[in-house]
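Peer 1: What follows is coords.pdb, made up of PDB, C-alpha atoms and all ligand atoms:
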```pdb
ATOM      1  CA  MET A   1      48.778 -33.115  34.426  1.00  0.00           C
ATOM      2  CA  PRO A   2      48.055 -29.804  32.715  1.00  0.00           C
ATOM      3  CA  LEU A   3      51.007 -27.783  31.483  1.00  0.00           C
ATOM      4  CA  LEU A   4      51.962 -25.704  34.493  1.00  0.00           C
ATOM      5  CA  VAL A   5      54.796 -23.218  34.806  1.00  0.00           C
ATOM      6  CA  ASN A   6      56.114 -22.622  38.276  1.00  0.00           C
ATOM      7  CA  LEU A   7      56.870 -18.919  38.651  1.00  0.00           C
ATOM      8  CA  ARG A   8      59.579 -19.596  41.207  1.00  0.00           C
ATOM      9  CA  ASN A   9      61.521 -21.488  38.594  1.00  0.00           C
ATOM     10  CA  LEU A  10      61.149 -18.542  36.256  1.00  0.00           C
ATOM     11  CA  ALA A  11      62.814 -15.969  38.480  1.00  0.00           C
ATOM     12  CA  ARG A  12      65.456 -14.236  36.404  1.00  0.00           C
ATOM     13  CA  ARG A  13      65.934 -17.016  33.950  1.00  0.00           C
ATOM     14  CA  GLU A  14      64.338 -18.685  31.008  1.00  0.00           C
ATOM     15  CA  LEU A  15      62.817 -22.059  31.291  1.00  0.00           C
ATOM     16  CA  ALA A  16      62.851 -24.635  28.541  1.00  0.00           C
ATOM     17  CA  LEU A  17      59.811 -26.851  28.522  1.00  0.00           C
ATOM     18  CA  GLN A  18      59.635 -29.913  26.355  1.00  0.00           C
ATOM     19  CA  GLY A  19      57.327 -32.835  26.581  1.00  0.00           C
ATOM     20  CA  GLU A  20      53.953 -34.245  25.833  1.00  0.00           C
ATOM     21  CA  LEU A  21      50.589 -33.160  27.064  1.00  0.00           C
ATOM     22  CA  PRO A  22      47.926 -35.886  27.204  1.00  0.00           C
ATOM     23  CA  VAL A  23      45.239 -34.857  24.779  1.00  0.00           C
ATOM     24  CA  ALA A  24      42.601 -35.408  27.459  1.00  0.00           C
ATOM     25  CA  GLU A  25      44.036 -32.412  29.312  1.00  0.00           C
ATOM     26  CA  LEU A  26      43.153 -30.204  26.371  1.00  0.00           C
ATOM     27  CA  ASP A  27      39.491 -31.102  26.752  1.00  0.00           C
ATOM     28  CA  LEU A  28      38.893 -30.449  23.073  1.00  0.00           C
ATOM     29  CA  GLU A  29      35.242 -31.543  22.997  1.00  0.00           C
ATOM     30  CA  LEU A  30      35.465 -32.643  19.411  1.00  0.00           C
ATOM     31  CA  ARG A  31      32.088 -33.186  17.852  1.00  0.00           C
ATOM     32  CA  ASP A  32      33.295 -33.740  14.340  1.00  0.00           C
ATOM     33  CA  GLU A  33      33.514 -37.460  13.658  1.00  0.00           C
ATOM     34  CA  MET A  34      35.947 -36.779  10.842  1.00  0.00           C
ATOM     35  CA  VAL A  35      38.530 -35.334  13.234  1.00  0.00           C
ATOM     36  CA  GLN A  36      39.672 -37.187  16.336  1.00  0.00           C
ATOM     37  CA  ALA A  37      42.552 -36.415  18.661  1.00  0.00           C
ATOM     38  CA  ARG A  38      43.974 -39.392  20.513  1.00  0.00           C
ATOM     39  CA  GLN A  39      47.692 -38.792  20.538  1.00  0.00           C
ATOM     40  CA  PRO A  40      49.398 -36.454  22.998  1.00  0.00           C
ATOM     41  CA  LEU A  41      50.315 -32.915  22.052  1.00  0.00           C
ATOM     42  CA  ARG A  42      54.049 -32.326  21.857  1.00  0.00           C
ATOM     43  CA  TYR A  43      55.476 -29.022  22.940  1.00  0.00           C
ATOM     44  CA  ASP A  44      58.883 -27.413  22.829  1.00  0.00           C
ATOM     45  CA  LEU A  45      58.706 -24.050  24.554  1.00  0.00           C
ATOM     46  CA  GLU A  46      60.786 -21.328  26.095  1.00  0.00           C
ATOM     47  CA  VAL A  47      59.159 -19.504  28.955  1.00  0.00           C
ATOM     48  CA  GLN A  48      60.260 -16.288  30.601  1.00  0.00           C
ATOM     49  CA  GLU A  49      58.899 -13.747  33.002  1.00  0.00           C
ATOM     50  CA  LEU A  50      58.695 -10.308  31.494  1.00  0.00           C
ATOM     51  CA  ASN A  51      57.286  -7.138  33.049  1.00  0.00           C
ATOM     52  CA  ASP A  52      54.708  -8.771  35.300  1.00  0.00           C
ATOM     53  CA  SER A  53      53.729 -11.294  32.710  1.00  0.00           C
ATOM     54  CA  VAL A  54      54.713 -14.708  31.517  1.00  0.00           C
ATOM     55  CA  LEU A  55      55.777 -15.091  27.937  1.00  0.00           C
ATOM     56  CA  ALA A  56      55.863 -18.530  26.378  1.00  0.00           C
ATOM     57  CA  ARG A  57      56.850 -19.287  22.832  1.00  0.00           C
ATOM     58  CA  GLY A  58      57.847 -22.246  20.789  1.00  0.00           C
ATOM     59  CA  GLU A  59      56.389 -25.139  18.895  1.00  0.00           C
ATOM     60  CA  LEU A  60      53.242 -27.155  19.297  1.00  0.00           C
ATOM     61  CA  GLU A  61      52.548 -30.338  17.431  1.00  0.00           C
ATOM     62  CA  LEU A  62      49.522 -32.573  17.440  1.00  0.00           C
ATOM     63  CA  THR A  63      48.699 -35.503  15.204  1.00  0.00           C
ATOM     64  CA  LEU A  64      45.016 -35.954  14.495  1.00  0.00           C
ATOM     65  CA  ASP A  65      43.228 -39.045  13.302  1.00  0.00           C
ATOM     66  CA  CYS A  66      41.074 -37.820  10.470  1.00  0.00           C
ATOM     67  CA  GLN A  67      38.746 -39.314   7.963  1.00  0.00           C
ATOM     68  CA  CYS A  68      38.745 -37.867   4.476  1.00  0.00           C
ATOM     69  CA  VAL A  69      35.444 -36.090   3.817  1.00  0.00           C
ATOM     70  CA  ARG A  70      35.655 -37.097   0.149  1.00  0.00           C
ATOM     71  CA  CYS A  71      36.769 -40.734   0.080  1.00  0.00           C
ATOM     72  CA  LEU A  72      36.233 -41.652   3.783  1.00  0.00           C
ATOM     73  CA  LYS A  73      39.763 -43.023   4.033  1.00  0.00           C
ATOM     74  CA  PRO A  74      41.319 -42.652   7.497  1.00  0.00           C
ATOM     75  CA  PHE A  75      44.563 -40.698   7.564  1.00  0.00           C
ATOM     76  CA  GLU A  76      46.797 -38.855   9.994  1.00  0.00           C
ATOM     77  CA  TYR A  77      46.853 -35.085   9.921  1.00  0.00           C
ATOM     78  CA  ARG A  78      49.737 -33.359  11.610  1.00  0.00           C
ATOM     79  CA  LEU A  79      49.091 -29.955  13.099  1.00  0.00           C
ATOM     80  CA  GLU A  80      52.125 -27.817  13.624  1.00  0.00           C
ATOM     81  CA  VAL A  81      52.270 -24.392  15.178  1.00  0.00           C
ATOM     82  CA  ALA A  82      55.854 -23.395  14.551  1.00  0.00           C
ATOM     83  CA  ASP A  83      55.933 -20.055  16.312  1.00  0.00           C
ATOM     84  CA  TRP A  84      53.345 -20.185  19.014  1.00  0.00           C
ATOM     85  CA  VAL A  85      53.405 -17.175  21.319  1.00  0.00           C
ATOM     86  CA  CYS A  86      51.444 -16.876  24.512  1.00  0.00           C
ATOM     87  CA  HIS A  87      51.398 -13.861  26.767  1.00  0.00           C
ATOM     88  CA  LEU A  88      49.914 -14.243  30.236  1.00  0.00           C
ATOM     89  CA  PRO A  89      49.635 -11.081  32.340  1.00  0.00           C
ATOM     90  CA  LEU A  90      50.249 -11.518  36.057  1.00  0.00           C
ATOM     91  CA  GLU A  91      48.822  -8.095  36.928  1.00  0.00           C
ATOM     92  CA  GLY A  92      45.821  -6.064  35.828  1.00  0.00           C
ATOM     93  CA  ASP A  93      42.305  -6.932  34.741  1.00  0.00           C
ATOM     94  CA  ASP A  94      43.294  -9.769  32.456  1.00  0.00           C
ATOM     95  CA  LYS A  95      45.658 -11.441  34.840  1.00  0.00           C
ATOM     96  CA  VAL A  96      45.754 -15.199  34.916  1.00  0.00           C
ATOM     97  CA  SER A  97      45.179 -17.135  38.068  1.00  0.00           C
ATOM     98  CA  VAL A  98      48.231 -18.334  39.920  1.00  0.00           C
ATOM     99  CA  VAL A  99      47.799 -21.533  41.887  1.00  0.00           C
ATOM    100  CA  ASP A 100      50.645 -22.807  44.035  1.00  0.00           C
ATOM    101  CA  ASP A 101      53.013 -20.327  42.354  1.00  0.00           C
ATOM    102  CA  SER A 102      52.108 -21.798  38.979  1.00  0.00           C
ATOM    103  CA  VAL A 103      50.282 -20.611  35.892  1.00  0.00           C
ATOM    104  CA  ASP A 104      48.544 -22.982  33.512  1.00  0.00           C
ATOM    105  CA  LEU A 105      49.397 -22.795  29.822  1.00  0.00           C
ATOM    106  CA  THR A 106      46.845 -25.444  28.908  1.00  0.00           C
ATOM    107  CA  PRO A 107      43.830 -23.157  28.224  1.00  0.00           C
ATOM    108  CA  GLN A 108      45.861 -21.015  25.808  1.00  0.00           C
ATOM    109  CA  ILE A 109      47.243 -24.041  24.030  1.00  0.00           C
ATOM    110  CA  ARG A 110      43.744 -25.448  23.709  1.00  0.00           C
ATOM    111  CA  GLU A 111      42.381 -22.244  22.250  1.00  0.00           C
ATOM    112  CA  ASP A 112      45.150 -21.803  19.712  1.00  0.00           C
ATOM    113  CA  ILE A 113      45.397 -25.418  18.625  1.00  0.00           C
ATOM    114  CA  LEU A 114      41.657 -25.547  17.970  1.00  0.00           C
ATOM    115  CA  LEU A 115      42.031 -22.650  15.545  1.00  0.00           C
ATOM    116  CA  THR A 116      44.331 -24.753  13.405  1.00  0.00           C
ATOM    117  CA  PHE A 117      42.012 -27.747  13.133  1.00  0.00           C
ATOM    118  CA  PRO A 118      40.971 -28.690   9.607  1.00  0.00           C
ATOM    119  CA  ALA A 119      37.310 -27.914   8.982  1.00  0.00           C
ATOM    120  CA  HIS A 120      37.007 -30.367   6.083  1.00  0.00           C
ATOM    121  CA  PRO A 121      39.889 -32.828   6.240  1.00  0.00           C
ATOM    122  CA  VAL A 122      40.924 -34.349   2.914  1.00  0.00           C
ATOM    123  CA  CYS A 123      43.551 -37.082   2.576  1.00  0.00           C
ATOM    124  CA  ASP A 124      45.042 -35.272  -0.377  1.00  0.00           C
ATOM    125  CA  PRO A 125      44.144 -32.004  -2.111  1.00  0.00           C
ATOM    126  CA  GLN A 126      43.788 -34.069  -5.306  1.00  0.00           C
ATOM    127  CA  CYS A 127      41.498 -36.623  -3.713  1.00  0.00           C
ATOM    128  CA  GLY A 128      38.804 -37.487  -6.219  1.00  0.00           C
ATOM    129  CA  GLY A 129      36.353 -38.845  -3.692  1.00  0.00           C
ATOM    130  CA  LEU A 130      34.813 -42.297  -3.510  1.00  0.00           C
ATOM    131  CA  ALA A 131      34.526 -42.718  -7.277  1.00  0.00           C
ATOM    132  CA  GLY A 132      38.011 -41.462  -7.926  1.00  0.00           C
ATOM    133  CA  ARG A 133      39.460 -43.860  -5.431  1.00  0.00           C
ATOM    134  CA  SER A 134      38.829 -46.971  -7.525  1.00  0.00           C
ATOM    135  CA  SER A 135      38.801 -45.738 -11.106  1.00  0.00           C
ATOM    136  CA  GLY A 136      40.900 -42.605 -10.894  1.00  0.00           C
ATOM    137  CA  ALA A 137      38.352 -40.935 -13.138  1.00  0.00           C
ATOM    138  CA  LYS A 138      39.122 -37.437 -11.940  1.00  0.00           C
ATOM    139  CA  LYS A 139      42.808 -37.808 -12.627  1.00  0.00           C
ATOM    140  CA  LYS A 140      42.432 -38.899 -16.226  1.00  0.00           C
ATOM    141  CA  PRO A 141      43.460 -36.156 -18.631  1.00  0.00           C
ATOM    142  CA  ALA A 142      40.658 -34.733 -20.736  1.00  0.00           C
ATOM    143  CA  THR A 143      40.168 -36.824 -23.846  1.00  0.00           C
ATOM    144  CA  ASN A 144      37.094 -35.055 -25.145  1.00  0.00           C
ATOM    145  CA  ALA A 145      39.020 -32.237 -26.724  1.00  0.00           C
ATOM    146  CA  PRO A 146      38.151 -31.995 -30.414  1.00  0.00           C
ATOM    147  CA  ARG A 147      40.901 -33.201 -32.679  1.00  0.00           C
ATOM    148  CA  PRO A 148      42.001 -31.050 -35.552  1.00  0.00           C
ATOM    149  CA  ALA A 149      40.535 -32.403 -38.786  1.00  0.00           C
ATOM    150  CA  GLY A 150      42.871 -34.386 -40.972  1.00  0.00           C
ATOM    151  CA  SER A 151      45.439 -34.756 -38.269  1.00  0.00           C
ATOM    152  CA  ALA A 152      47.720 -37.684 -37.660  1.00  0.00           C
ATOM    153  CA  TRP A 153      45.093 -38.982 -35.263  1.00  0.00           C
ATOM    154  CA  ASP A 154      42.592 -39.517 -38.055  1.00  0.00           C
ATOM    155  CA  LYS A 155      45.120 -41.472 -40.069  1.00  0.00           C
ATOM    156  CA  LEU A 156      45.847 -43.634 -37.048  1.00  0.00           C
ATOM    157  CA  ASP A 157      42.160 -44.315 -36.583  1.00  0.00           C
ATOM    158  CA  LYS A 158      41.838 -45.433 -40.190  1.00  0.00           C
ATOM    159  CA  LEU A 159      44.829 -47.681 -39.857  1.00  0.00           C
ATOM    160  CA  LYS A 160      43.239 -49.434 -36.926  1.00  0.00           C
ATOM    161  CA  LEU A 161      40.090 -50.105 -38.953  1.00  0.00           C
TER     162      LEU A 161
HETATM  163 ZN    ZN B   1      40.381 -38.797   0.242  1.00  0.00          ZN
END
```
What does this structure look like when you write it as structure tokens?

Peer 2:
Amino acid sequence: MPLLVNLRNLARRELALQGELPVAELDLELRDEMVQARQPLRYDLEVQELNDSVLARGELELTLDCQCVRCLKPFEYRLEVADWVCHLPLEGDDKVSVVDDSVDLTPQIREDILLTFPAHPVCDPQCGGLAGRSSGAKKKPATNAPRPAGSAWDKLDKLKL
């Protein structure tokens, strides 16, 4: 089922819509192997009719199954749109189609959720990539800094010898 709003239910009152939308309904056509959507999209919306239009706003949440582009580790990436707003005109040139007294929010959700997709998913901003995963080389503090001559370090070195 797409996410439909029945206009009859909207007459003179707000409608609270909460639930899950099967990700197949969004028809995301993902071509990026690093980003997959398998889990349903969760929504928590308030919908009202306003001046010959439908106004929906609320939260959208979708968990993606990603693969880190640096270290190839699979990880979950949670997309959250905290203040999603969607305005659907019922009159005029841009008016949305009404089928069986209902308008479909799915195309707008699809469009807006796609905008928030990560282009290059990384498991962690600090991810050092494949090499860094085993040795942690990138995280090691720089040790090549020149030591001041005659410092305590030099004495320590001599002690060790
Ligand atoms: Zn990574």

Peer 1: Can you write out as JSON lines which residues of chain A fall within 12 Å of ligand ZN 1 (chain B), alongside each residue's closest atom pair and its distance in Å to one decimal, counting all atoms listed in the file and ordering rows by chain and ascending residue number?

Peer 2:
```
{"residue": "A:Met34", "atom": "CA", "partner": "B:ZN1", "partner_atom": "ZN", "distance": 11.7}
{"residue": "A:Cys66", "atom": "CA", "partner": "B:ZN1", "partner_atom": "ZN", "distance": 10.3}
{"residue": "A:Gln67", "atom": "CA", "partner": "B:ZN1", "partner_atom": "ZN", "distance": 7.9}
{"residue": "A:Cys68", "atom": "CA", "partner": "B:ZN1", "partner_atom": "ZN", "distance": 4.6}
{"residue": "A:Val69", "atom": "CA", "partner": "B:ZN1", "partner_atom": "ZN", "distance": 6.7}
{"residue": "A:Arg70", "atom": "CA", "partner": "B:ZN1", "partner_atom": "ZN", "distance": 5.0}
{"residue": "A:Cys71", "atom": "CA", "partner": "B:ZN1", "partner_atom": "ZN", "distance": 4.1}
{"residue": "A:Leu72", "atom": "CA", "partner": "B:ZN1", "partner_atom": "ZN", "distance": 6.2}
{"residue": "A:Lys73", "atom": "CA", "partner": "B:ZN1", "partner_atom": "ZN", "distance": 5.7}
{"residue": "A:Pro74", "atom": "CA", "partner": "B:ZN1", "partner_atom": "ZN", "distance": 8.3}
{"residue": "A:Phe75", "atom": "CA", "partner": "B:ZN1", "partner_atom": "ZN", "distance": 8.6}
{"residue": "A:Glu76", "atom": "CA", "partner": "B:ZN1", "partner_atom": "ZN", "distance": 11.7}
{"residue": "A:His120", "atom": "CA", "partner": "B:ZN1", "partner_atom": "ZN", "distance": 10.8}
{"residue": "A:Pro121", "atom": "CA", "partner": "B:ZN1", "partner_atom": "ZN", "distance": 8.5}
{"residue": "A:Val122", "atom": "CA", "partner": "B:ZN1", "partner_atom": "ZN", "distance": 5.2}
{"residue": "A:Cys123", "atom": "CA", "partner": "B:ZN1", "partner_atom": "ZN", "distance": 4.3}
{"residue": "A:Asp124", "atom": "CA", "partner": "B:ZN1", "partner_atom": "ZN", "distance": 5.9}
{"residue": "A:Pro125", "atom": "CA", "partner": "B:ZN1", "partner_atom": "ZN", "distance": 8.1}
{"residue": "A:Gln126", "atom": "CA", "partner": "B:ZN1", "partner_atom": "ZN", "distance": 8.0}
{"residue": "A:Cys127", "atom": "CA", "partner": "B:ZN1", "partner_atom": "ZN", "distance": 4.6}
{"residue": "A:Gly128", "atom": "CA", "partner": "B:ZN1", "partner_atom": "ZN", "distance": 6.8}
{"residue": "A:Gly129", "atom": "CA", "partner": "B:ZN1", "partner_atom": "ZN", "distance": 5.6}
{"residue": "A:Leu130", "atom": "CA", "partner": "B:ZN1", "partner_atom": "ZN", "distance": 7.6}
{"residue": "A:Ala131", "atom": "CA", "partner": "B:ZN1", "partner_atom": "ZN", "distance": 10.3}
{"residue": "A:Gly132", "atom": "CA", "partner": "B:ZN1", "partner_atom": "ZN", "distance": 8.9}
{"residue": "A:Arg133", "atom": "CA", "partner": "B:ZN1", "partner_atom": "ZN", "distance": 7.7}
{"residue": "A:Ser134", "atom": "CA", "partner": "B:ZN1", "partner_atom": "ZN", "distance": 11.4}
{"residue": "A:Gly136", "atom": "CA", "partner": "B:ZN1", "partner_atom": "ZN", "distance": 11.8}
```

Peer 1: Calculate how many Å separate atom CA of A:Pro22 from atom CA of A:Asn9, rounding to one decimal.

Peer 2: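 About the pair atom CA of A:Pro22 and atom CA of A:Asn9: they are 22.8 Å apart.
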
Peer 1: So, with all atoms listed in the file as the atoms that count, which of A:Asp100, A:Lys95, A:Thr116, A:Pro89 lies closest to A:Leu55?

Peer 2: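 Between A:Asp100, A:Lys95, A:Thr116, A:Pro89, the residue approaching A:Leu55 most closely is A:Pro89.
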
Peer 1: Quick one: distance from atom CA of A:Glu25 to atom CA of A:Ser53 in Å, one decimal?

Peer 2: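 We find that atom CA of A:Glu25 and atom CA of A:Ser53 lie 23.5 Å from each other.
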
Peer 1: Just say which residues the PyMOL selection byres (((chain A and resi 23) around 7) and not hetatm) picks in this file, as number ranges by chain.

Peer 2: A: 21-22, 24-26, 37-41

Peer 1: Extending 8 Å beyond the listed atoms of stretch 73-91 of chain A on each side, what axis-aligned box results? I want centre and edge lengths in Å to one decimal, as lines of an AutoDock Vina configuration file.

Peer 2:
```
center_x = 47.8
center_y = -25.6
center_z = 20.5
size_x = 32.2
size_y = 50.9
size_z = 48.9
```
